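Dumped run-v3.cif below, it's mmCIF, C-alpha atoms:
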```cif
data_data
loop_
_atom_site.group_PDB
_atom_site.id
_atom_site.type_symbol
_atom_site.label_atom_id
_atom_site.label_comp_id
_atom_site.auth_asym_id
_atom_site.auth_seq_id
_atom_site.Cartn_x
_atom_site.Cartn_y
_atom_site.Cartn_z
ATOM 1 C CA MET A 1 5.122 -79.586 -136.344
ATOM 2 C CA SER A 2 3.966 -77.279 -139.130
ATOM 3 C CA LEU A 3 5.789 -77.167 -142.481
ATOM 4 C CA GLY A 4 6.194 -74.128 -144.670
ATOM 5 C CA ASP A 5 5.239 -74.454 -148.310
ATOM 6 C CA GLY A 6 7.173 -71.448 -149.598
ATOM 7 C CA GLN A 7 3.920 -69.592 -150.239
ATOM 8 C CA GLY A 8 3.476 -67.757 -146.958
ATOM 9 C CA THR A 9 2.646 -70.593 -144.551
ATOM 10 C CA MET A 10 4.985 -70.125 -141.604
ATOM 11 C CA PRO A 11 6.378 -73.319 -140.032
ATOM 12 C CA ILE A 12 6.558 -73.544 -136.253
ATOM 13 C CA VAL A 13 10.079 -74.269 -134.990
ATOM 14 C CA LYS A 14 10.420 -74.808 -131.248
ATOM 15 C CA ARG A 15 13.133 -77.473 -131.208
ATOM 16 C CA ALA A 16 15.994 -77.903 -133.676
ATOM 17 C CA LEU A 17 18.653 -80.561 -134.140
ATOM 18 C CA ILE A 18 22.112 -79.572 -135.384
ATOM 19 C CA VAL A 19 23.778 -82.488 -137.202
ATOM 20 C CA ALA A 20 27.421 -81.528 -137.684
ATOM 21 C CA ASN A 21 30.504 -83.175 -139.148
ATOM 22 C CA MET A 22 33.030 -81.811 -136.673
ATOM 23 C CA LEU A 23 35.967 -82.794 -138.889
ATOM 24 C CA LYS A 24 34.984 -80.065 -141.342
ATOM 25 C CA SER A 25 36.832 -76.773 -141.168
ATOM 26 C CA ASP A 26 34.920 -74.069 -139.267
ATOM 27 C CA ALA A 27 32.346 -76.607 -138.017
ATOM 28 C CA GLY A 28 32.886 -75.772 -134.344
ATOM 29 C CA GLU A 29 32.589 -72.029 -134.910
ATOM 30 C CA LEU A 30 29.483 -72.466 -137.039
ATOM 31 C CA VAL A 31 27.818 -74.751 -134.491
ATOM 32 C CA THR A 32 28.362 -72.153 -131.762
ATOM 33 C CA ALA A 33 26.958 -69.352 -133.921
ATOM 34 C CA ILE A 34 23.856 -71.348 -134.878
ATOM 35 C CA ARG A 35 23.189 -72.586 -131.365
ATOM 36 C CA ASP A 36 23.526 -69.074 -129.887
ATOM 37 C CA TYR A 37 21.228 -67.634 -132.540
ATOM 38 C CA LEU A 38 18.546 -70.306 -132.106
ATOM 39 C CA GLU A 39 18.541 -70.040 -128.344
ATOM 40 C CA ALA A 40 18.222 -66.247 -128.639
ATOM 41 C CA GLN A 41 15.045 -66.971 -130.637
ATOM 42 C CA ASN A 42 13.764 -69.232 -127.824
ATOM 43 C CA ILE A 43 14.374 -72.312 -129.952
ATOM 44 C CA GLU A 44 15.816 -75.326 -128.132
ATOM 45 C CA ALA A 45 18.961 -76.474 -129.947
ATOM 46 C CA GLN A 46 20.342 -80.000 -129.611
ATOM 47 C CA LEU A 47 23.738 -80.907 -131.079
ATOM 48 C CA LEU A 48 24.548 -84.213 -132.763
ATOM 49 C CA GLY A 49 28.205 -83.779 -133.616
ATOM 50 C CA PHE A 50 30.457 -86.527 -134.903
ATOM 51 C CA LYS A 51 33.975 -87.199 -136.126
ATOM 52 C CA GLY A 52 34.323 -90.050 -138.578
ATOM 53 C CA LYS A 53 31.445 -92.535 -138.795
ATOM 54 C CA PRO A 54 28.463 -91.177 -136.814
ATOM 55 C CA GLU A 55 26.632 -93.308 -134.280
ATOM 56 C CA VAL A 56 22.872 -93.529 -134.691
ATOM 57 C CA PRO A 57 21.396 -91.842 -131.591
ATOM 58 C CA HIS A 58 18.101 -92.447 -129.839
ATOM 59 C CA LEU A 59 16.104 -89.293 -130.367
ATOM 60 C CA GLU A 60 13.322 -88.379 -127.973
ATOM 61 C CA GLY A 61 10.648 -85.752 -128.385
ATOM 62 C CA GLU A 62 9.525 -83.851 -131.441
ATOM 63 C CA ILE A 63 12.083 -82.154 -133.699
ATOM 64 C CA ASP A 64 10.782 -79.361 -135.891
ATOM 65 C CA LEU A 65 13.885 -78.725 -138.013
ATOM 66 C CA ALA A 66 17.355 -80.161 -138.527
ATOM 67 C CA LEU A 67 20.373 -78.197 -139.685
ATOM 68 C CA SER A 68 22.920 -80.407 -141.436
ATOM 69 C CA LEU A 69 26.443 -78.962 -141.354
ATOM 70 C CA GLY A 70 28.974 -80.670 -143.611
ATOM 71 C CA GLY A 71 28.696 -82.063 -147.111
ATOM 72 C CA ASP A 72 26.307 -84.347 -148.952
ATOM 73 C CA GLY A 73 27.397 -87.270 -146.755
ATOM 74 C CA THR A 74 26.132 -85.461 -143.658
ATOM 75 C CA VAL A 75 22.773 -84.870 -145.365
ATOM 76 C CA LEU A 76 22.527 -88.574 -146.262
ATOM 77 C CA PHE A 77 23.047 -89.532 -142.618
ATOM 78 C CA ALA A 78 20.532 -86.918 -141.449
ATOM 79 C CA ALA A 79 17.954 -88.086 -143.999
ATOM 80 C CA ARG A 80 18.186 -91.735 -142.930
ATOM 81 C CA LEU A 81 17.877 -90.609 -139.324
ATOM 82 C CA LEU A 82 14.994 -88.168 -139.713
ATOM 83 C CA ALA A 83 12.968 -88.850 -142.878
ATOM 84 C CA SER A 84 10.567 -91.283 -141.195
ATOM 85 C CA ARG A 85 9.832 -88.555 -138.629
ATOM 86 C CA GLN A 86 9.208 -86.072 -141.479
ATOM 87 C CA VAL A 87 11.697 -83.534 -140.131
ATOM 88 C CA PRO A 88 12.765 -80.887 -142.690
ATOM 89 C CA ILE A 89 16.530 -80.570 -143.174
ATOM 90 C CA LEU A 90 18.277 -77.271 -143.841
ATOM 91 C CA ALA A 91 21.438 -78.544 -145.551
ATOM 92 C CA VAL A 92 24.383 -76.176 -145.029
ATOM 93 C CA ASN A 93 27.539 -76.939 -146.972
ATOM 94 C CA ILE A 94 30.920 -76.385 -145.351
ATOM 95 C CA GLY A 95 33.268 -76.250 -148.324
ATOM 96 C CA ASP A 96 32.365 -76.749 -151.987
ATOM 97 C CA PHE A 97 28.686 -77.020 -152.907
ATOM 98 C CA GLY A 98 27.349 -80.528 -153.117
ATOM 99 C CA PHE A 99 24.424 -81.681 -155.230
ATOM 100 C CA ILE A 100 22.139 -81.762 -152.171
ATOM 101 C CA THR A 101 23.620 -78.966 -150.057
ATOM 102 C CA GLU A 102 22.637 -75.752 -151.825
ATOM 103 C CA VAL A 103 23.092 -73.348 -148.862
ATOM 104 C CA SER A 104 26.583 -72.000 -148.073
ATOM 105 C CA LYS A 105 27.857 -71.483 -144.528
ATOM 106 C CA HIS A 106 27.474 -67.731 -145.023
ATOM 107 C CA GLU A 107 23.814 -68.064 -146.038
ATOM 108 C CA TRP A 108 22.441 -70.242 -143.247
ATOM 109 C CA LYS A 109 20.921 -67.420 -141.177
ATOM 110 C CA ALA A 110 19.130 -65.807 -144.120
ATOM 111 C CA ALA A 111 17.895 -69.215 -145.296
ATOM 112 C CA PHE A 112 16.643 -70.074 -141.802
ATOM 113 C CA GLN A 113 14.846 -66.739 -141.471
ATOM 114 C CA ARG A 114 13.201 -67.098 -144.870
ATOM 115 C CA TYR A 115 12.154 -70.663 -144.051
ATOM 116 C CA ILE A 116 10.467 -69.793 -140.741
ATOM 117 C CA SER A 117 8.786 -66.795 -142.389
ATOM 118 C CA GLY A 118 7.218 -69.121 -144.966
ATOM 119 C CA GLN A 119 9.236 -67.883 -147.933
ATOM 120 C CA LEU A 120 11.119 -71.149 -148.519
ATOM 121 C CA GLY A 121 9.379 -74.460 -149.017
ATOM 122 C CA VAL A 122 10.785 -77.986 -148.935
ATOM 123 C CA SER A 123 11.842 -80.350 -151.688
ATOM 124 C CA GLU A 124 10.305 -83.805 -151.213
ATOM 125 C CA ARG A 125 12.821 -86.497 -152.161
ATOM 126 C CA LEU A 126 12.054 -90.166 -152.766
ATOM 127 C CA MET A 127 13.677 -92.450 -150.196
ATOM 128 C CA LEU A 128 14.579 -96.072 -150.919
ATOM 129 C CA GLU A 129 13.331 -98.801 -148.604
ATOM 130 C CA VAL A 130 15.651 -101.800 -148.756
ATOM 131 C CA SER A 131 15.059 -105.215 -147.186
ATOM 132 C CA VAL A 132 16.717 -108.622 -147.439
ATOM 133 C CA ARG A 133 14.793 -111.911 -147.548
ATOM 134 C CA ARG A 134 16.986 -114.661 -146.098
ATOM 135 C CA ASP A 135 15.761 -118.231 -145.539
ATOM 136 C CA GLY A 136 12.197 -117.072 -145.082
ATOM 137 C CA THR A 137 13.028 -114.253 -142.681
ATOM 138 C CA LEU A 138 13.237 -110.519 -143.282
ATOM 139 C CA VAL A 139 16.421 -108.563 -142.560
ATOM 140 C CA GLY A 140 15.830 -104.829 -142.290
ATOM 141 C CA PRO A 141 14.199 -102.792 -143.565
ATOM 142 C CA TYR A 142 16.888 -100.206 -144.185
ATOM 143 C CA CYS A 143 16.485 -96.857 -145.879
ATOM 144 C CA ALA A 144 18.660 -94.749 -148.170
ATOM 145 C CA LEU A 145 18.396 -91.348 -149.791
ATOM 146 C CA ASN A 146 20.974 -91.893 -152.555
ATOM 147 C CA ASP A 147 21.417 -95.527 -153.458
ATOM 148 C CA ALA A 148 21.732 -99.200 -152.652
ATOM 149 C CA LEU A 149 24.696 -101.132 -154.089
ATOM 150 C CA ILE A 150 25.123 -104.908 -154.269
ATOM 151 C CA SER A 151 28.772 -105.706 -154.978
ATOM 152 C CA ALA A 152 31.711 -107.894 -154.009
ATOM 153 C CA HIS A 153 33.490 -107.254 -150.734
ATOM 154 C CA ASN A 154 36.812 -107.237 -152.581
ATOM 155 C CA VAL A 155 37.674 -104.923 -155.454
ATOM 156 C CA SER A 156 37.542 -106.278 -159.053
ATOM 157 C CA LYS A 157 35.478 -109.365 -158.250
ATOM 158 C CA VAL A 158 32.674 -110.151 -160.697
ATOM 159 C CA VAL A 159 29.366 -110.998 -159.013
ATOM 160 C CA ARG A 160 26.377 -112.950 -160.331
ATOM 161 C CA LEU A 161 22.971 -111.477 -159.629
ATOM 162 C CA ASP A 162 19.467 -112.348 -160.854
ATOM 163 C CA VAL A 163 17.327 -109.202 -161.224
ATOM 164 C CA SER A 164 13.538 -108.903 -161.431
ATOM 165 C CA ILE A 165 11.256 -105.876 -161.554
ATOM 166 C CA SER A 166 7.823 -106.273 -159.949
ATOM 167 C CA ASP A 167 7.882 -110.086 -160.376
ATOM 168 C CA THR A 168 9.002 -109.899 -164.018
ATOM 169 C CA GLU A 169 12.485 -111.315 -164.629
ATOM 170 C CA LEU A 170 14.858 -108.753 -166.130
ATOM 171 C CA GLY A 171 17.925 -110.954 -166.468
ATOM 172 C CA ARG A 172 21.056 -112.382 -164.929
ATOM 173 C CA TYR A 173 23.939 -109.980 -164.480
ATOM 174 C CA ARG A 174 27.661 -110.652 -164.332
ATOM 175 C CA ALA A 175 29.178 -107.349 -163.250
ATOM 176 C CA ASP A 176 31.165 -105.585 -160.557
ATOM 177 C CA GLY A 177 27.790 -104.903 -158.997
ATOM 178 C CA VAL A 178 24.256 -103.607 -159.449
ATOM 179 C CA LEU A 179 23.242 -100.183 -158.164
ATOM 180 C CA ILE A 180 19.726 -98.887 -157.507
ATOM 181 C CA ALA A 181 19.610 -95.112 -157.196
ATOM 182 C CA SER A 182 16.941 -92.605 -156.277
ATOM 183 C CA PRO A 183 16.576 -89.396 -158.308
ATOM 184 C CA THR A 184 18.648 -87.629 -155.632
ATOM 185 C CA GLY A 185 21.309 -90.331 -155.943
ATOM 186 C CA SER A 186 21.373 -90.151 -159.738
ATOM 187 C CA THR A 187 24.162 -87.523 -159.510
ATOM 188 C CA ALA A 188 26.333 -89.694 -157.223
ATOM 189 C CA TYR A 189 27.781 -93.181 -157.886
ATOM 190 C CA SER A 190 25.031 -93.816 -160.451
ATOM 191 C CA MET A 191 26.237 -90.961 -162.663
ATOM 192 C CA ALA A 192 29.859 -92.130 -162.338
ATOM 193 C CA ALA A 193 28.763 -95.609 -163.459
ATOM 194 C CA GLY A 194 27.055 -94.225 -166.567
ATOM 195 C CA GLY A 195 23.521 -93.772 -165.267
ATOM 196 C CA PRO A 196 21.225 -90.906 -166.323
ATOM 197 C CA ILE A 197 20.683 -87.732 -164.301
ATOM 198 C CA LEU A 198 17.133 -87.384 -162.947
ATOM 199 C CA SER A 199 15.471 -84.306 -161.530
ATOM 200 C CA PRO A 200 15.591 -84.891 -157.735
ATOM 201 C CA GLU A 201 11.815 -84.655 -157.173
ATOM 202 C CA MET A 202 10.898 -87.302 -159.757
ATOM 203 C CA ASP A 203 9.049 -90.467 -158.740
ATOM 204 C CA ALA A 204 11.424 -93.030 -160.221
ATOM 205 C CA MET A 205 14.413 -95.282 -159.589
ATOM 206 C CA VAL A 206 17.477 -96.071 -161.690
ATOM 207 C CA LEU A 207 18.933 -99.576 -162.021
ATOM 208 C CA VAL A 208 22.587 -99.379 -163.082
ATOM 209 C CA PRO A 209 24.840 -102.393 -163.793
ATOM 210 C CA VAL A 210 28.350 -101.495 -162.663
ATOM 211 C CA SER A 211 30.977 -102.516 -165.243
ATOM 212 C CA PRO A 212 28.830 -105.346 -166.686
ATOM 213 C CA PHE A 213 30.491 -108.323 -168.353
ATOM 214 C CA THR A 214 27.871 -108.092 -171.131
ATOM 215 C CA LEU A 215 28.045 -104.720 -172.872
ATOM 216 C CA SER A 216 24.346 -104.826 -173.823
ATOM 217 C CA ASN A 217 23.422 -104.419 -170.131
ATOM 218 C CA ARG A 218 22.386 -100.784 -169.796
ATOM 219 C CA PRO A 219 20.963 -98.500 -167.083
ATOM 220 C CA LEU A 220 17.189 -98.613 -166.764
ATOM 221 C CA VAL A 221 14.780 -96.053 -165.273
ATOM 222 C CA VAL A 222 11.696 -97.614 -163.650
ATOM 223 C CA PRO A 223 8.602 -96.054 -162.039
ATOM 224 C CA GLY A 224 8.763 -95.343 -158.336
ATOM 225 C CA HIS A 225 5.929 -97.784 -157.585
ATOM 226 C CA ASP A 226 7.924 -100.779 -158.886
ATOM 227 C CA THR A 227 9.861 -103.183 -156.669
ATOM 228 C CA ILE A 228 13.341 -104.240 -157.768
ATOM 229 C CA SER A 229 14.415 -107.693 -156.528
ATOM 230 C CA ILE A 230 18.011 -108.908 -156.756
ATOM 231 C CA GLU A 231 18.905 -112.490 -155.865
ATOM 232 C CA VAL A 232 22.483 -113.411 -154.959
ATOM 233 C CA GLU A 233 23.538 -116.458 -156.966
ATOM 234 C CA GLU A 234 26.250 -119.010 -156.147
ATOM 235 C CA GLN A 235 29.725 -117.463 -156.458
ATOM 236 C CA LYS A 236 33.163 -117.292 -154.905
ATOM 237 C CA ALA A 237 33.163 -113.638 -153.879
ATOM 238 C CA ASP A 238 31.784 -112.311 -150.597
ATOM 239 C CA ILE A 239 28.867 -109.945 -151.315
ATOM 240 C CA ASN A 240 27.800 -106.764 -149.518
ATOM 241 C CA LEU A 241 24.782 -104.502 -149.617
ATOM 242 C CA THR A 242 25.916 -100.886 -149.164
ATOM 243 C CA LEU A 243 23.479 -98.054 -148.484
ATOM 244 C CA ASP A 244 24.420 -94.470 -149.339
ATOM 245 C CA GLY A 245 28.062 -95.588 -149.265
ATOM 246 C CA GLN A 246 27.826 -95.518 -145.455
ATOM 247 C CA VAL A 247 25.931 -98.573 -144.148
ATOM 248 C CA VAL A 248 27.146 -102.076 -145.018
ATOM 249 C CA CYS A 249 25.210 -105.340 -144.691
ATOM 250 C CA PRO A 250 26.910 -108.658 -145.641
ATOM 251 C CA LEU A 251 24.869 -110.862 -147.977
ATOM 252 C CA ALA A 252 24.753 -114.637 -148.450
ATOM 253 C CA VAL A 253 24.028 -116.857 -151.434
ATOM 254 C CA GLY A 254 20.270 -117.092 -151.906
ATOM 255 C CA ASP A 255 19.536 -113.728 -150.293
ATOM 256 C CA VAL A 256 17.009 -111.585 -152.146
ATOM 257 C CA VAL A 257 17.427 -107.804 -151.840
ATOM 258 C CA GLU A 258 14.186 -105.907 -152.404
ATOM 259 C CA VAL A 259 14.241 -102.183 -153.163
ATOM 260 C CA ARG A 260 11.133 -100.010 -153.319
ATOM 261 C CA GLN A 261 10.215 -96.436 -152.529
ATOM 262 C CA ALA A 262 9.630 -95.746 -148.851
ATOM 263 C CA GLU A 263 6.275 -94.528 -147.560
ATOM 264 C CA TYR A 264 7.899 -91.238 -146.515
ATOM 265 C CA ARG A 265 10.028 -88.648 -148.304
ATOM 266 C CA ALA A 266 13.144 -86.780 -147.231
ATOM 267 C CA LEU A 267 12.315 -83.102 -146.778
ATOM 268 C CA ILE A 268 15.108 -80.760 -147.884
ATOM 269 C CA VAL A 269 14.650 -77.013 -147.407
ATOM 270 C CA ARG A 270 14.988 -75.271 -150.760
ATOM 271 C CA SER A 271 17.471 -72.470 -151.414
ATOM 272 C CA ASP A 272 16.409 -69.257 -153.102
ATOM 273 C CA LYS A 273 20.014 -68.555 -154.149
ATOM 274 C CA ARG A 274 20.465 -71.530 -156.468
ATOM 275 C CA ASN A 275 18.526 -74.594 -157.585
ATOM 276 C CA PHE A 276 19.364 -78.077 -158.828
ATOM 277 C CA ILE A 277 20.051 -76.914 -162.375
ATOM 278 C CA ASP A 278 22.357 -74.146 -161.127
ATOM 279 C CA VAL A 279 24.317 -76.629 -159.021
ATOM 280 C CA LEU A 280 24.384 -79.205 -161.821
ATOM 281 C CA ARG A 281 25.709 -76.674 -164.342
ATOM 282 C CA ALA A 282 28.397 -75.461 -161.934
ATOM 283 C CA LYS A 283 29.513 -78.887 -160.671
ATOM 284 C CA LEU A 284 29.690 -80.438 -164.152
ATOM 285 C CA ARG A 285 31.098 -77.293 -165.728
ATOM 286 C CA TRP A 286 28.422 -77.082 -168.409
ATOM 287 C CA ALA A 287 29.296 -73.899 -170.278
ATOM 288 C CA GLY A 288 27.048 -74.538 -173.270
ATOM 289 C CA GLY A 289 29.840 -73.694 -175.692
ATOM 290 C CA PRO A 290 32.829 -75.374 -177.330
ATOM 291 C CA ASP A 291 34.574 -75.787 -173.956
ATOM 292 C CA ALA A 292 31.610 -77.508 -172.287
#
```

Kindly return the structure encoded in the file as structure tokens.
Amino acid sequence: MSLGDGQGTMPIVKRALIVANMLKSDAGELVTAIRDYLEAQNIEAQLLGFKGKPEVPHLEGEIDLALSLGGDGTVLFAARLLASRQVPILAVNIGDFGFITEVSKHEWKAAFQRYISGQLGVSERLMLEVSVRRDGTLVGPYCALNDALISAHNVSKVVRLDVSISDTELGRYRADGVLIASPTGSTAYSMAAGGPILSPEMDAMVLVPVSPFTLSNRPLVVPGHDTISIEVEEQKADINLTLDGQVVCPLAVGDVVEVRQAEYRALIVRSDKRNFIDVLRAKLRWAGGPDA
């Protein structure tokens, strides 16, 4: 597989995977159009369509490009599935623009053509590697593009967590939960919980206490090379680890969740119609004036 860099290097695409949320309006029609077009270009097209929670398939053979059809949630699933294989993802939004999906359903063909002609490069996004140490054994590792959340199974239950960063104790938290977000995930749950917005290609992570009992607990940005460790203390509530809001792993007292950057990056094909700042300004309605 050869990747384009947006500076004239033409990637080689012989086999493509279409990852489609079939519950989205126009998904079926768009899948047919993309598959017909790719096959007319002598590109093998494989469909991974789903309704509701997608099943993780066993993929065989090399995949040169994935086309994600849906919203940001579809991209998150595709990234967890494909990032370790270093497959670029052309994220096509069906509906309103997301923070990750910058290409509209009417722009997919032009974006694809510009990508294979070497005019569009890829955005390399930090992925989180998440593992759980339990009684001397390792559970995982898991991966996430947006975030990892440690919280109570039931709503409005305060949890007790002991947090360290690269073997240095940060403190004990009493909160609804603790969230670790990537730069890509900084515009998702992290932002809603009061965390800062990071440029998506930064090498950093954000630690965000969710509704902390102590008001002095604040979000913290740490370098990407750090490891964040969170130990589950004794408490009444049942605790879960949730990845990208989609994958749930029950935790037990004494478990230590370790979050670090993965060895690989998610590769998202850039749009030449709009960039992260354009999407951010539009989604957050930043007018720059008195009505902003």

When you look at A:Asn93 with a cut-off of 12 Å (counting only C-alpha atoms), what residues show up, excluding the ones that are within fewer than 3 positions of it in the same chain? I need them as a PDB file with C-alpha atoms, keeping the file's coordinate frame.
```
ATOM      1  CA  VAL A  19      23.778 -82.488-137.202  1.00  0.00           C
ATOM      2  CA  ALA A  20      27.421 -81.528-137.684  1.00  0.00           C
ATOM      3  CA  ASN A  21      30.504 -83.175-139.148  1.00  0.00           C
ATOM      4  CA  LYS A  24      34.984 -80.065-141.342  1.00  0.00           C
ATOM      5  CA  SER A  25      36.832 -76.773-141.168  1.00  0.00           C
ATOM      6  CA  ASP A  26      34.920 -74.069-139.267  1.00  0.00           C
ATOM      7  CA  ALA A  27      32.346 -76.607-138.017  1.00  0.00           C
ATOM      8  CA  LEU A  30      29.483 -72.466-137.039  1.00  0.00           C
ATOM      9  CA  LEU A  67      20.373 -78.197-139.685  1.00  0.00           C
ATOM     10  CA  SER A  68      22.920 -80.407-141.436  1.00  0.00           C
ATOM     11  CA  LEU A  69      26.443 -78.962-141.354  1.00  0.00           C
ATOM     12  CA  GLY A  70      28.974 -80.670-143.611  1.00  0.00           C
ATOM     13  CA  GLY A  71      28.696 -82.063-147.111  1.00  0.00           C
ATOM     14  CA  ASP A  72      26.307 -84.347-148.952  1.00  0.00           C
ATOM     15  CA  GLY A  73      27.397 -87.270-146.755  1.00  0.00           C
ATOM     16  CA  THR A  74      26.132 -85.461-143.658  1.00  0.00           C
ATOM     17  CA  VAL A  75      22.773 -84.870-145.365  1.00  0.00           C
ATOM     18  CA  LEU A  90      18.277 -77.271-143.841  1.00  0.00           C
ATOM     19  CA  ASP A  96      32.365 -76.749-151.987  1.00  0.00           C
ATOM     20  CA  PHE A  97      28.686 -77.020-152.907  1.00  0.00           C
ATOM     21  CA  GLY A  98      27.349 -80.528-153.117  1.00  0.00           C
ATOM     22  CA  PHE A  99      24.424 -81.681-155.230  1.00  0.00           C
ATOM     23  CA  ILE A 100      22.139 -81.762-152.171  1.00  0.00           C
ATOM     24  CA  THR A 101      23.620 -78.966-150.057  1.00  0.00           C
ATOM     25  CA  GLU A 102      22.637 -75.752-151.825  1.00  0.00           C
ATOM     26  CA  VAL A 103      23.092 -73.348-148.862  1.00  0.00           C
ATOM     27  CA  SER A 104      26.583 -72.000-148.073  1.00  0.00           C
ATOM     28  CA  LYS A 105      27.857 -71.483-144.528  1.00  0.00           C
ATOM     29  CA  HIS A 106      27.474 -67.731-145.023  1.00  0.00           C
ATOM     30  CA  GLU A 107      23.814 -68.064-146.038  1.00  0.00           C
ATOM     31  CA  TRP A 108      22.441 -70.242-143.247  1.00  0.00           C
ATOM     32  CA  SER A 271      17.471 -72.470-151.414  1.00  0.00           C
TER      33      SER A 271
END
```

Interatomic distance (Å, one decimal) between atom CA of A:Gly171 and atom CA of A:Asn217: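 One can read the atom CA of A:Gly171 to atom CA of A:Asn217 distance as 9.3 Å.
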
Using Å and a single decimal, report how far atom CA of A:Val256 sits from atom CA of A:His225.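 Pair atom CA of A:His225 / atom CA of A:Val256 returns 18.5 Å.
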
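Once A:Asp244 and its same-chain neighbours fewer than 4 positions away are set aside, Ala144, Asn146 and Asp147 of chain A remain within 6 Å of it when counting only C-alpha atoms.
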
Once the PyMOL selection byres ((chain A and resi 32) around 12) is applied to the coordinates I shared, what remains selected? I want it as a ChimeraX atom specification. /A:18,20,22,26-31,33-39,45-47,49,69

Size and centre in Å, one decimal, axis-aligned box, all listed stretch 250-253 of chain A atoms plus 3 Å per side, as AutoDock Vina command-line options:
```
--center_x 25.5 --center_y -112.8 --center_z -148.5 --size_x 8.9 --size_y 14.2 --size_z 11.8
```

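You will find atom CA of A:Arg114 at 24.6 Å from atom CA of A:Leu81.
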
Residue neighbourhood A:Tyr173, 7 Å, all atoms listed in the file, exclusion window fewer than 3 positions, as a PDB file with C-alpha atoms, in the frame of the given file:
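Saved the output as selection06.pdb:
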```pdb
ATOM      1  CA  ARG A 160      26.377-112.950-160.331  1.00  0.00           C
ATOM      2  CA  LEU A 161      22.971-111.477-159.629  1.00  0.00           C
ATOM      3  CA  ASP A 162      19.467-112.348-160.854  1.00  0.00           C
TER       4      ASP A 162
END
```

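Each of A:Met202, A:Leu179, A:Ala78, A:Ile268 was checked against A:Thr242 using only C-alpha atoms; the smallest atom-to-atom distance is that of A:Leu179.
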
Translate the PyMOL selection byres ((chain A and resi 16) around 8) into a concrete residue list for this structure, as a PyMOL selection string. chain A and resi 13-15+17-18+43-46+63-67

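Using the PyMOL selection byres ((chain A and resi 260) around 9) on this structure selects Met127, Leu128, Glu129, Val130, Ser131, Met205, Gly224, His225, Asp226, Thr227, Ile228, Ser229, Glu258, Val259, Gln261 and Ala262 of chain A.
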
So, counting only C-alpha atoms, which residue among A:Asp255, A:Ala152, A:His58, A:Glu233 is closest to A:Arg134?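 Closest to A:Arg134, using only C-alpha atoms: A:Asp255.
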
Give the answer as one residue: which of A:Tyr115, A:Val159, A:Asp135, A:Ile89 has the shortest atom-to-atom distance to A:Gly254, using all atoms listed in the file? A:Asp135

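Nearest to A:Ile12 of all the residues A:Gly136, A:Gln113, A:Lys53, A:Leu48 is A:Gln113, based on only C-alpha atoms.
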
Restricting the calculation to only C-alpha atoms: of A:Pro200, A:Leu149, A:Arg265, A:Ile94, which residue gets closest to A:Leu82? A:Arg265

Neighbouring residues of A:Ala175 were defined as those with any atom within 9 Å, considering only C-alpha atoms; residues of the same chain fewer than 3 positions away were excluded. Please report them as a PyMOL selection string. chain A and resi 151+157-161+178+209-214

Nearest to A:Leu280 among A:Ser186, A:Val257, A:Pro250, A:Glu234, with distances taken over only C-alpha atoms: which residue is it?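 Ranking A:Ser186, A:Val257, A:Pro250, A:Glu234 by distance to A:Leu280, first place goes to A:Ser186.
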
Just add N, CA and C atoms to stretch 97-107 of chain A and send it as a tab-separated table (two decimals), keeping the file's coordinate frame.
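Once everything was written out, this is result08.tsv:
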```tsv
chain	number	residue	atom	x	y	z
A	97	PHE	N	30.08	-76.64	-152.84
A	97	PHE	CA	28.69	-77.02	-152.91
A	97	PHE	C	28.57	-78.47	-153.35
A	98	GLY	N	27.68	-79.19	-152.68
A	98	GLY	CA	27.35	-80.53	-153.12
A	98	GLY	C	26.11	-80.48	-153.99
A	99	PHE	N	25.64	-81.63	-154.43
A	99	PHE	CA	24.42	-81.68	-155.23
A	99	PHE	C	23.18	-81.52	-154.36
A	100	ILE	N	23.29	-81.88	-153.07
A	100	ILE	CA	22.14	-81.76	-152.17
A	100	ILE	C	22.23	-80.48	-151.35
A	101	THR	N	23.43	-80.13	-150.93
A	101	THR	CA	23.62	-78.97	-150.06
A	101	THR	C	23.75	-77.70	-150.89
A	102	GLU	N	22.66	-76.94	-150.98
A	102	GLU	CA	22.64	-75.75	-151.82
A	102	GLU	C	22.89	-74.46	-151.04
A	103	VAL	N	22.93	-74.54	-149.70
A	103	VAL	CA	23.09	-73.35	-148.86
A	103	VAL	C	24.53	-73.28	-148.35
A	104	SER	N	25.21	-72.16	-148.56
A	104	SER	CA	26.58	-72.00	-148.07
A	104	SER	C	26.58	-71.65	-146.59
A	105	LYS	N	27.76	-71.78	-145.96
A	105	LYS	CA	27.86	-71.48	-144.53
A	105	LYS	C	27.62	-70.01	-144.22
A	106	HIS	N	27.72	-69.16	-145.23
A	106	HIS	CA	27.47	-67.73	-145.02
A	106	HIS	C	25.99	-67.38	-145.22
A	107	GLU	N	25.22	-68.34	-145.72
A	107	GLU	CA	23.81	-68.06	-146.04
A	107	GLU	C	22.84	-68.70	-145.07
```
